[in-house]
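Participant: Contents of upload32.pdb (PDB, C-alpha atoms, pLDDT in the B column) are given next:
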ATOM      1  CA  MET A   1     -46.311  19.799  20.819  1.00 50.00           C
ATOM      2  CA  ARG A   2     -42.831  19.797  19.303  1.00 58.00           C
ATOM      3  CA  SER A   3     -39.951  21.399  21.095  1.00 60.00           C
ATOM      4  CA  VAL A   4     -38.659  24.559  19.410  1.00 56.00           C
ATOM      5  CA  PRO A   5     -34.954  25.255  19.856  1.00 61.00           C
ATOM      6  CA  THR A   6     -34.140  28.282  21.975  1.00 66.00           C
ATOM      7  CA  ILE A   7     -32.073  30.795  20.048  1.00 64.00           C
ATOM      8  CA  THR A   8     -30.301  33.729  21.629  1.00 71.00           C
ATOM      9  CA  VAL A   9     -30.861  36.723  19.387  1.00 88.00           C
ATOM     10  CA  ASP A  10     -29.695  40.306  19.366  1.00 93.00           C
ATOM     11  CA  ALA A  11     -31.456  42.754  17.061  1.00 96.00           C
ATOM     12  CA  ARG A  12     -29.364  45.771  18.065  1.00 96.00           C
ATOM     13  CA  GLY A  13     -28.010  47.442  14.952  1.00 95.00           C
ATOM     14  CA  LEU A  14     -29.913  45.179  12.553  1.00 97.00           C
ATOM     15  CA  ARG A  15     -32.416  46.525  10.039  1.00 98.00           C
ATOM     16  CA  VAL A  16     -35.186  44.162   9.001  1.00 98.00           C
ATOM     17  CA  ALA A  17     -37.920  44.266   6.363  1.00 98.00           C
ATOM     18  CA  LEU A  18     -41.243  42.716   7.375  1.00 98.00           C
ATOM     19  CA  VAL A  19     -42.919  41.728   4.106  1.00 98.00           C
ATOM     20  CA  SER A  20     -46.487  40.736   4.866  1.00 98.00           C
ATOM     21  CA  SER A  21     -49.274  39.385   2.674  1.00 97.00           C
ATOM     22  CA  GLY A  22     -52.674  41.011   2.960  1.00 95.00           C
ATOM     23  CA  TYR A  23     -54.437  37.716   2.207  1.00 93.00           C
ATOM     24  CA  HIS A  24     -55.997  36.257   5.390  1.00 95.00           C
ATOM     25  CA  SER A  25     -55.067  39.496   7.153  1.00 96.00           C
ATOM     26  CA  ASP A  26     -56.348  38.355  10.561  1.00 96.00           C
ATOM     27  CA  VAL A  27     -53.701  35.613  10.506  1.00 97.00           C
ATOM     28  CA  THR A  28     -50.921  37.586   8.818  1.00 97.00           C
ATOM     29  CA  GLY A  29     -51.587  40.543  11.124  1.00 97.00           C
ATOM     30  CA  ALA A  30     -51.108  38.300  14.162  1.00 97.00           C
ATOM     31  CA  LEU A  31     -47.910  36.862  12.656  1.00 98.00           C
ATOM     32  CA  GLU A  32     -46.659  40.387  12.002  1.00 98.00           C
ATOM     33  CA  ARG A  33     -47.402  41.428  15.600  1.00 98.00           C
ATOM     34  CA  GLY A  34     -45.464  38.409  16.819  1.00 98.00           C
ATOM     35  CA  ALA A  35     -42.502  39.294  14.607  1.00 98.00           C
ATOM     36  CA  ARG A  36     -42.553  42.897  15.852  1.00 98.00           C
ATOM     37  CA  GLU A  37     -42.660  41.756  19.479  1.00 97.00           C
ATOM     38  CA  ALA A  38     -39.739  39.375  18.916  1.00 97.00           C
ATOM     39  CA  PHE A  39     -37.744  42.174  17.271  1.00 98.00           C
ATOM     40  CA  ALA A  40     -38.392  44.537  20.187  1.00 98.00           C
ATOM     41  CA  ALA A  41     -37.649  41.824  22.765  1.00 96.00           C
ATOM     42  CA  ALA A  42     -34.275  41.265  21.067  1.00 97.00           C
ATOM     43  CA  GLY A  43     -33.376  44.937  21.461  1.00 97.00           C
ATOM     44  CA  GLY A  44     -34.385  46.146  18.006  1.00 97.00           C
ATOM     45  CA  GLU A  45     -35.248  49.784  17.459  1.00 95.00           C
ATOM     46  CA  PRO A  46     -38.740  50.369  16.005  1.00 94.00           C
ATOM     47  CA  ALA A  47     -37.263  52.612  13.284  1.00 96.00           C
ATOM     48  CA  ALA A  48     -35.052  49.704  12.143  1.00 98.00           C
ATOM     49  CA  LEU A  49     -38.101  47.642  11.188  1.00 98.00           C
ATOM     50  CA  ARG A  50     -39.519  48.436   7.754  1.00 97.00           C
ATOM     51  CA  THR A  51     -42.964  47.118   6.858  1.00 97.00           C
ATOM     52  CA  VAL A  52     -43.756  46.231   3.244  1.00 98.00           C
ATOM     53  CA  ALA A  53     -47.279  45.244   2.199  1.00 98.00           C
ATOM     54  CA  ALA A  54     -47.743  42.442  -0.331  1.00 98.00           C
ATOM     55  CA  ALA A  55     -51.037  41.611  -2.014  1.00 97.00           C
ATOM     56  CA  GLY A  56     -50.647  37.878  -1.403  1.00 96.00           C
ATOM     57  CA  ALA A  57     -48.112  35.100  -0.911  1.00 96.00           C
ATOM     58  CA  PHE A  58     -47.233  34.967  -4.616  1.00 95.00           C
ATOM     59  CA  GLU A  59     -45.961  38.554  -4.442  1.00 98.00           C
ATOM     60  CA  LEU A  60     -43.705  37.960  -1.419  1.00 98.00           C
ATOM     61  CA  PRO A  61     -40.544  36.848  -3.287  1.00 98.00           C
ATOM     62  CA  LEU A  62     -40.392  39.922  -5.529  1.00 98.00           C
ATOM     63  CA  LEU A  63     -40.816  42.302  -2.600  1.00 98.00           C
ATOM     64  CA  VAL A  64     -38.412  40.391  -0.340  1.00 98.00           C
ATOM     65  CA  ASP A  65     -35.827  40.473  -3.129  1.00 98.00           C
ATOM     66  CA  ALA A  66     -36.289  44.238  -3.565  1.00 98.00           C
ATOM     67  CA  ALA A  67     -35.947  44.778   0.191  1.00 98.00           C
ATOM     68  CA  LEU A  68     -32.795  42.666   0.442  1.00 98.00           C
ATOM     69  CA  ALA A  69     -31.255  44.479  -2.540  1.00 98.00           C
ATOM     70  CA  ARG A  70     -31.154  47.596  -0.369  1.00 98.00           C
ATOM     71  CA  THR A  71     -27.945  48.294   1.540  1.00 97.00           C
ATOM     72  CA  ASP A  72     -29.963  49.496   4.544  1.00 97.00           C
ATOM     73  CA  ILE A  73     -31.713  46.126   5.065  1.00 98.00           C
ATOM     74  CA  ASP A  74     -29.892  43.249   6.789  1.00 97.00           C
ATOM     75  CA  ALA A  75     -32.634  40.600   6.785  1.00 98.00           C
ATOM     76  CA  ALA A  76     -36.271  40.049   5.888  1.00 98.00           C
ATOM     77  CA  VAL A  77     -39.209  38.165   7.325  1.00 98.00           C
ATOM     78  CA  ALA A  78     -41.799  36.899   4.835  1.00 98.00           C
ATOM     79  CA  ILE A  79     -45.304  36.584   6.273  1.00 98.00           C
ATOM     80  CA  GLY A  80     -48.161  34.842   4.514  1.00 97.00           C
ATOM     81  CA  CYS A  81     -50.936  32.295   4.854  1.00 97.00           C
ATOM     82  CA  ILE A  82     -51.757  29.690   2.230  1.00 94.00           C
ATOM     83  CA  VAL A  83     -54.818  27.557   3.022  1.00 93.00           C
ATOM     84  CA  ARG A  84     -55.513  24.255   1.296  1.00 93.00           C
ATOM     85  CA  GLY A  85     -58.269  24.439  -1.277  1.00 83.00           C
ATOM     86  CA  GLU A  86     -60.140  22.041  -3.510  1.00 86.00           C
ATOM     87  CA  THR A  87     -57.355  21.928  -6.109  1.00 87.00           C
ATOM     88  CA  ALA A  88     -53.563  21.592  -5.947  1.00 83.00           C
ATOM     89  CA  HIS A  89     -53.119  25.363  -6.344  1.00 84.00           C
ATOM     90  CA  ASP A  90     -52.116  25.852  -2.699  1.00 83.00           C
ATOM     91  CA  ARG A  91     -49.372  23.215  -2.887  1.00 90.00           C
ATOM     92  CA  HIS A  92     -47.900  24.681  -6.069  1.00 88.00           C
ATOM     93  CA  LEU A  93     -48.046  28.179  -4.578  1.00 89.00           C
ATOM     94  CA  GLY A  94     -46.498  27.154  -1.246  1.00 91.00           C
ATOM     95  CA  LEU A  95     -43.641  25.255  -2.853  1.00 94.00           C
ATOM     96  CA  SER A  96     -42.917  27.979  -5.401  1.00 96.00           C
ATOM     97  CA  VAL A  97     -42.916  30.773  -2.821  1.00 97.00           C
ATOM     98  CA  THR A  98     -40.719  28.971  -0.307  1.00 97.00           C
ATOM     99  CA  GLN A  99     -38.222  27.803  -2.925  1.00 97.00           C
ATOM    100  CA  GLU A 100     -37.935  31.308  -4.357  1.00 98.00           C
ATOM    101  CA  LEU A 101     -37.501  32.868  -0.905  1.00 98.00           C
ATOM    102  CA  LEU A 102     -34.666  30.423  -0.215  1.00 98.00           C
ATOM    103  CA  ARG A 103     -33.037  31.222  -3.560  1.00 98.00           C
ATOM    104  CA  ILE A 104     -33.262  34.956  -2.858  1.00 98.00           C
ATOM    105  CA  SER A 105     -31.735  34.548   0.593  1.00 98.00           C
ATOM    106  CA  VAL A 106     -28.749  32.626  -0.745  1.00 97.00           C
ATOM    107  CA  ALA A 107     -28.298  34.888  -3.777  1.00 98.00           C
ATOM    108  CA  ARG A 108     -28.448  38.073  -1.686  1.00 98.00           C
ATOM    109  CA  GLY A 109     -26.421  36.642   1.200  1.00 97.00           C
ATOM    110  CA  LYS A 110     -29.053  37.859   3.655  1.00 98.00           C
ATOM    111  CA  PRO A 111     -31.445  35.774   5.742  1.00 98.00           C
ATOM    112  CA  VAL A 112     -35.158  35.446   5.128  1.00 98.00           C
ATOM    113  CA  GLY A 113     -37.250  34.362   8.092  1.00 98.00           C
ATOM    114  CA  LEU A 114     -40.088  32.170   6.855  1.00 98.00           C
ATOM    115  CA  ALA A 115     -43.505  32.832   8.360  1.00 98.00           C
ATOM    116  CA  VAL A 116     -45.514  31.670   5.365  1.00 97.00           C
ATOM    117  CA  LEU A 117     -48.014  29.215   6.778  1.00 96.00           C
ATOM    118  CA  THR A 118     -49.173  26.353   4.572  1.00 94.00           C
ATOM    119  CA  VAL A 119     -52.163  24.897   6.388  1.00 94.00           C
ATOM    120  CA  GLU A 120     -55.233  22.746   5.923  1.00 93.00           C
ATOM    121  CA  SER A 121     -57.596  25.294   7.492  1.00 94.00           C
ATOM    122  CA  LEU A 122     -57.833  28.794   8.901  1.00 93.00           C
ATOM    123  CA  GLY A 123     -58.196  27.172  12.330  1.00 95.00           C
ATOM    124  CA  GLN A 124     -54.722  25.637  11.943  1.00 93.00           C
ATOM    125  CA  ALA A 125     -53.410  29.010  10.804  1.00 93.00           C
ATOM    126  CA  ARG A 126     -54.813  30.777  13.865  1.00 96.00           C
ATOM    127  CA  GLU A 127     -53.202  28.172  16.133  1.00 93.00           C
ATOM    128  CA  ARG A 128     -49.841  29.092  14.559  1.00 96.00           C
ATOM    129  CA  ALA A 129     -50.481  32.835  14.728  1.00 95.00           C
ATOM    130  CA  GLY A 130     -50.589  33.198  18.494  1.00 93.00           C
ATOM    131  CA  GLY A 131     -52.692  30.181  19.434  1.00 93.00           C
ATOM    132  CA  ASN A 132     -51.743  26.914  21.121  1.00 92.00           C
ATOM    133  CA  VAL A 133     -48.918  26.223  18.650  1.00 91.00           C
ATOM    134  CA  GLY A 134     -47.252  29.593  19.293  1.00 94.00           C
ATOM    135  CA  ASN A 135     -46.559  32.382  16.842  1.00 97.00           C
ATOM    136  CA  LYS A 136     -44.566  31.506  13.747  1.00 98.00           C
ATOM    137  CA  GLY A 137     -43.986  35.224  13.121  1.00 98.00           C
ATOM    138  CA  GLU A 138     -41.965  35.351  16.350  1.00 97.00           C
ATOM    139  CA  ASP A 139     -40.078  32.207  15.384  1.00 96.00           C
ATOM    140  CA  ALA A 140     -39.272  33.546  11.910  1.00 98.00           C
ATOM    141  CA  MET A 141     -38.004  36.858  13.289  1.00 98.00           C
ATOM    142  CA  ARG A 142     -35.767  35.136  15.847  1.00 96.00           C
ATOM    143  CA  ALA A 143     -34.387  32.834  13.139  1.00 96.00           C
ATOM    144  CA  ALA A 144     -33.694  35.764  10.790  1.00 97.00           C
ATOM    145  CA  LEU A 145     -31.931  37.746  13.525  1.00 97.00           C
ATOM    146  CA  ALA A 146     -29.832  34.807  14.702  1.00 96.00           C
ATOM    147  CA  THR A 147     -28.875  33.941  11.128  1.00 96.00           C
ATOM    148  CA  ALA A 148     -27.948  37.564  10.354  1.00 96.00           C
ATOM    149  CA  ARG A 149     -25.600  37.615  13.367  1.00 93.00           C
ATOM    150  CA  THR A 150     -24.050  34.241  12.536  1.00 92.00           C
ATOM    151  CA  HIS A 151     -23.629  35.218   8.880  1.00 92.00           C
ATOM    152  CA  ARG A 152     -21.858  38.437   9.884  1.00 89.00           C
ATOM    153  CA  GLU A 153     -19.463  36.449  12.068  1.00 87.00           C
ATOM    154  CA  LEU A 154     -18.722  33.964   9.288  1.00 88.00           C
ATOM    155  CA  CYS A 155     -18.099  36.692   6.725  1.00 88.00           C
ATOM    156  CA  ARG A 156     -15.676  38.781   8.787  1.00 83.00           C
TER
END
What would you get if you wrote out this structure as C-alpha cells?
Facilitator:
Amino acid sequence: MRSVPTITVDARGLRVALVSSGYHSDVTGALERGAREAFAAAGGEPAALRTVAAAGAFELPLLVDAALARTDIDAAVAIGCIVRGETAHDRHLGLSVTQELLRISVARGKPVGLAVLTVESLGQARERAGGNVGNKGEDAMRAALATARTHRELCR
C-alpha cells in the first residue's frame, strides 16, 4: 500500500459543498460518509457542509461550478464512481470529468477535492470507499480543506 501524506487541516470557518453522484450509490455513499467524517474531525460545523446530489459523474462539473460560484462556498468535494466497461466510454468520461473539475477549480480560485474513482471493478471501488485502501472521500476532503487554507494565506 502506498503511503499517503499526512496533511494538517482545519475546517473551522470553511464552507464546503459535497457534490455526490447517485451512480453506484453504495460506493459514493461511503465516500460521502468519509468526507463528512473528515470535515467533522477537522473541526467543521455540520451546517457548513452543503450536500448537492448529481445524477452521475458527467453532471459533477456543472454542479461543482454552480456551488463554487456562490460566495458562501469556499471549496467543493466531487464524489463519483466510474467503473470500466466493455468500451472506452469510462476512460473518456473519467478524463473529461477530471479535466473539467480542474479547470473549474482554477477558474473559480477555489479548491475541488477529487473523490471520483476510476476503477476496473466495483470491488476496487469498495476497497477505496472504506476498505483496505482507505476512503478517498476522506482524502479528498482533507486535500480540499488544506488547499483552501493555503490558498487563503497566499491571497492575503
Participant: At a cut-off of 10 Å, can you tabulate as JSON lines every residue of segment 52-155 of chain A near segment 28-35 of chain A together with its closest atom pair and the distance in Å to one decimal, using all atoms listed in the file and ordering rows by chain then number?
Facilitator:
{"residue": "A:Val77", "atom": "CA", "partner": "A:Ala35", "partner_atom": "CA", "distance": 8.1}
{"residue": "A:Ala78", "atom": "CA", "partner": "A:Glu32", "partner_atom": "CA", "distance": 9.3}
{"residue": "A:Ile79", "atom": "CA", "partner": "A:Thr28", "partner_atom": "CA", "distance": 6.2}
{"residue": "A:Gly80", "atom": "CA", "partner": "A:Thr28", "partner_atom": "CA", "distance": 5.8}
{"residue": "A:Cys81", "atom": "CA", "partner": "A:Thr28", "partner_atom": "CA", "distance": 6.6}
{"residue": "A:Gly113", "atom": "CA", "partner": "A:Ala35", "partner_atom": "CA", "distance": 9.7}
{"residue": "A:Ala115", "atom": "CA", "partner": "A:Leu31", "partner_atom": "CA", "distance": 7.4}
{"residue": "A:Val116", "atom": "CA", "partner": "A:Thr28", "partner_atom": "CA", "distance": 8.7}
{"residue": "A:Leu117", "atom": "CA", "partner": "A:Thr28", "partner_atom": "CA", "distance": 9.1}
{"residue": "A:Ala125", "atom": "CA", "partner": "A:Thr28", "partner_atom": "CA", "distance": 9.1}
{"residue": "A:Arg126", "atom": "CA", "partner": "A:Ala30", "partner_atom": "CA", "distance": 8.4}
{"residue": "A:Arg128", "atom": "CA", "partner": "A:Leu31", "partner_atom": "CA", "distance": 8.2}
{"residue": "A:Ala129", "atom": "CA", "partner": "A:Leu31", "partner_atom": "CA", "distance": 5.2}
{"residue": "A:Gly130", "atom": "CA", "partner": "A:Ala30", "partner_atom": "CA", "distance": 6.7}
{"residue": "A:Gly131", "atom": "CA", "partner": "A:Ala30", "partner_atom": "CA", "distance": 9.8}
{"residue": "A:Gly134", "atom": "CA", "partner": "A:Gly34", "partner_atom": "CA", "distance": 9.3}
{"residue": "A:Asn135", "atom": "CA", "partner": "A:Gly34", "partner_atom": "CA", "distance": 6.1}
{"residue": "A:Lys136", "atom": "CA", "partner": "A:Leu31", "partner_atom": "CA", "distance": 6.4}
{"residue": "A:Gly137", "atom": "CA", "partner": "A:Leu31", "partner_atom": "CA", "distance": 4.3}
{"residue": "A:Glu138", "atom": "CA", "partner": "A:Ala35", "partner_atom": "CA", "distance": 4.3}
{"residue": "A:Asp139", "atom": "CA", "partner": "A:Ala35", "partner_atom": "CA", "distance": 7.5}
{"residue": "A:Ala140", "atom": "CA", "partner": "A:Ala35", "partner_atom": "CA", "distance": 7.1}
{"residue": "A:Met141", "atom": "CA", "partner": "A:Ala35", "partner_atom": "CA", "distance": 5.3}
{"residue": "A:Arg142", "atom": "CA", "partner": "A:Ala35", "partner_atom": "CA", "distance": 8.0}
Participant: Which residues, written as a PyMOL selection string, have at least one atom at most 8 Å from Val9 of chain A, with all atoms listed in the file counted and residues fewer than 4 positions away on the same chain left out?
Facilitator: chain A and resi 42+142+145-146
Participant: Could you turn the residues from that selection into a file that holds C-alpha atoms, as a PDB file, in the frame of the given file?
Facilitator:
ATOM      1  CA  ALA A  42     -34.275  41.265  21.067  1.00 97.00           C
ATOM      2  CA  ARG A 142     -35.767  35.136  15.847  1.00 96.00           C
ATOM      3  CA  LEU A 145     -31.931  37.746  13.525  1.00 97.00           C
ATOM      4  CA  ALA A 146     -29.832  34.807  14.702  1.00 96.00           C
TER       5      ALA A 146
END
Participant: Would you translate the PyMOL selection byres ((chain A and resi 119) around 7) into the concrete set of residues it matches in this file, as a PyMOL selection string?
Facilitator: chain A and resi 82-84+117-118+120-121+124-125
Participant: Using the chain letters and numbering of this document, enumerate as a ChimeraX atom specification the residues selected by the PyMOL selection byres ((chain A and resi 54-67) around 9).
Facilitator: /A:16-24,52-53,68-73,75-82,93-94,96-98,100-101,104-105,108,112,116
Participant: Would you save the residues from that selection as a PDB file, in the coordinates of the input, using C-alpha atoms?
Facilitator:
ATOM      1  CA  VAL A  16     -35.186  44.162   9.001  1.00 98.00           C
ATOM      2  CA  ALA A  17     -37.920  44.266   6.363  1.00 98.00           C
ATOM      3  CA  LEU A  18     -41.243  42.716   7.375  1.00 98.00           C
ATOM      4  CA  VAL A  19     -42.919  41.728   4.106  1.00 98.00           C
ATOM      5  CA  SER A  20     -46.487  40.736   4.866  1.00 98.00           C
ATOM      6  CA  SER A  21     -49.274  39.385   2.674  1.00 97.00           C
ATOM      7  CA  GLY A  22     -52.674  41.011   2.960  1.00 95.00           C
ATOM      8  CA  TYR A  23     -54.437  37.716   2.207  1.00 93.00           C
ATOM      9  CA  HIS A  24     -55.997  36.257   5.390  1.00 95.00           C
ATOM     10  CA  VAL A  52     -43.756  46.231   3.244  1.00 98.00           C
ATOM     11  CA  ALA A  53     -47.279  45.244   2.199  1.00 98.00           C
ATOM     12  CA  LEU A  68     -32.795  42.666   0.442  1.00 98.00           C
ATOM     13  CA  ALA A  69     -31.255  44.479  -2.540  1.00 98.00           C
ATOM     14  CA  ARG A  70     -31.154  47.596  -0.369  1.00 98.00           C
ATOM     15  CA  THR A  71     -27.945  48.294   1.540  1.00 97.00           C
ATOM     16  CA  ASP A  72     -29.963  49.496   4.544  1.00 97.00           C
ATOM     17  CA  ILE A  73     -31.713  46.126   5.065  1.00 98.00           C
ATOM     18  CA  ALA A  75     -32.634  40.600   6.785  1.00 98.00           C
ATOM     19  CA  ALA A  76     -36.271  40.049   5.888  1.00 98.00           C
ATOM     20  CA  VAL A  77     -39.209  38.165   7.325  1.00 98.00           C
ATOM     21  CA  ALA A  78     -41.799  36.899   4.835  1.00 98.00           C
ATOM     22  CA  ILE A  79     -45.304  36.584   6.273  1.00 98.00           C
ATOM     23  CA  GLY A  80     -48.161  34.842   4.514  1.00 97.00           C
ATOM     24  CA  CYS A  81     -50.936  32.295   4.854  1.00 97.00           C
ATOM     25  CA  ILE A  82     -51.757  29.690   2.230  1.00 94.00           C
ATOM     26  CA  LEU A  93     -48.046  28.179  -4.578  1.00 89.00           C
ATOM     27  CA  GLY A  94     -46.498  27.154  -1.246  1.00 91.00           C
ATOM     28  CA  SER A  96     -42.917  27.979  -5.401  1.00 96.00           C
ATOM     29  CA  VAL A  97     -42.916  30.773  -2.821  1.00 97.00           C
ATOM     30  CA  THR A  98     -40.719  28.971  -0.307  1.00 97.00           C
ATOM     31  CA  GLU A 100     -37.935  31.308  -4.357  1.00 98.00           C
ATOM     32  CA  LEU A 101     -37.501  32.868  -0.905  1.00 98.00           C
ATOM     33  CA  ILE A 104     -33.262  34.956  -2.858  1.00 98.00           C
ATOM     34  CA  SER A 105     -31.735  34.548   0.593  1.00 98.00           C
ATOM     35  CA  ARG A 108     -28.448  38.073  -1.686  1.00 98.00           C
ATOM     36  CA  VAL A 112     -35.158  35.446   5.128  1.00 98.00           C
ATOM     37  CA  VAL A 116     -45.514  31.670   5.365  1.00 97.00           C
TER      38      VAL A 116
END
Participant: So, counting all atoms listed in the file, which residue among A:Ala88, A:Asp74, A:Arg50, A:Leu114 is closest to His151 of chain A?
Facilitator: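 Checking each of A:Ala88, A:Asp74, A:Arg50, A:Leu114 against His151 of chain A, counting all atoms listed in the file, the winner is A:Asp74.
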Participant: Give me, please, the distance in Å between atom CA of Gly44 of chain A and atom CA of Leu14 of chain A, quoted to one decimal.
Facilitator: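 Taking atom CA of Gly44 of chain A and atom CA of Leu14 of chain A, their separation equals 7.1 Å.
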Participant: Mind pulling up the distance from atom CA of Gly123 of chain A to atom CA of His92 of chain A?
Facilitator: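 Result for atom CA of His92 of chain A versus atom CA of Gly123 of chain A: 21.2 Å, one decimal.
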Participant: Return the padded bounding box of segment 117-133 of chain A as AutoDock Vina command-line options: axis-aligned, built from all atoms listed in the file, 8 Å added on each side, with centre and edge lengths in Å to one decimal.
Facilitator:
--center_x -53.1 --center_y 28.0 --center_z 12.8 --size_x 26.2 --size_y 26.5 --size_z 32.5
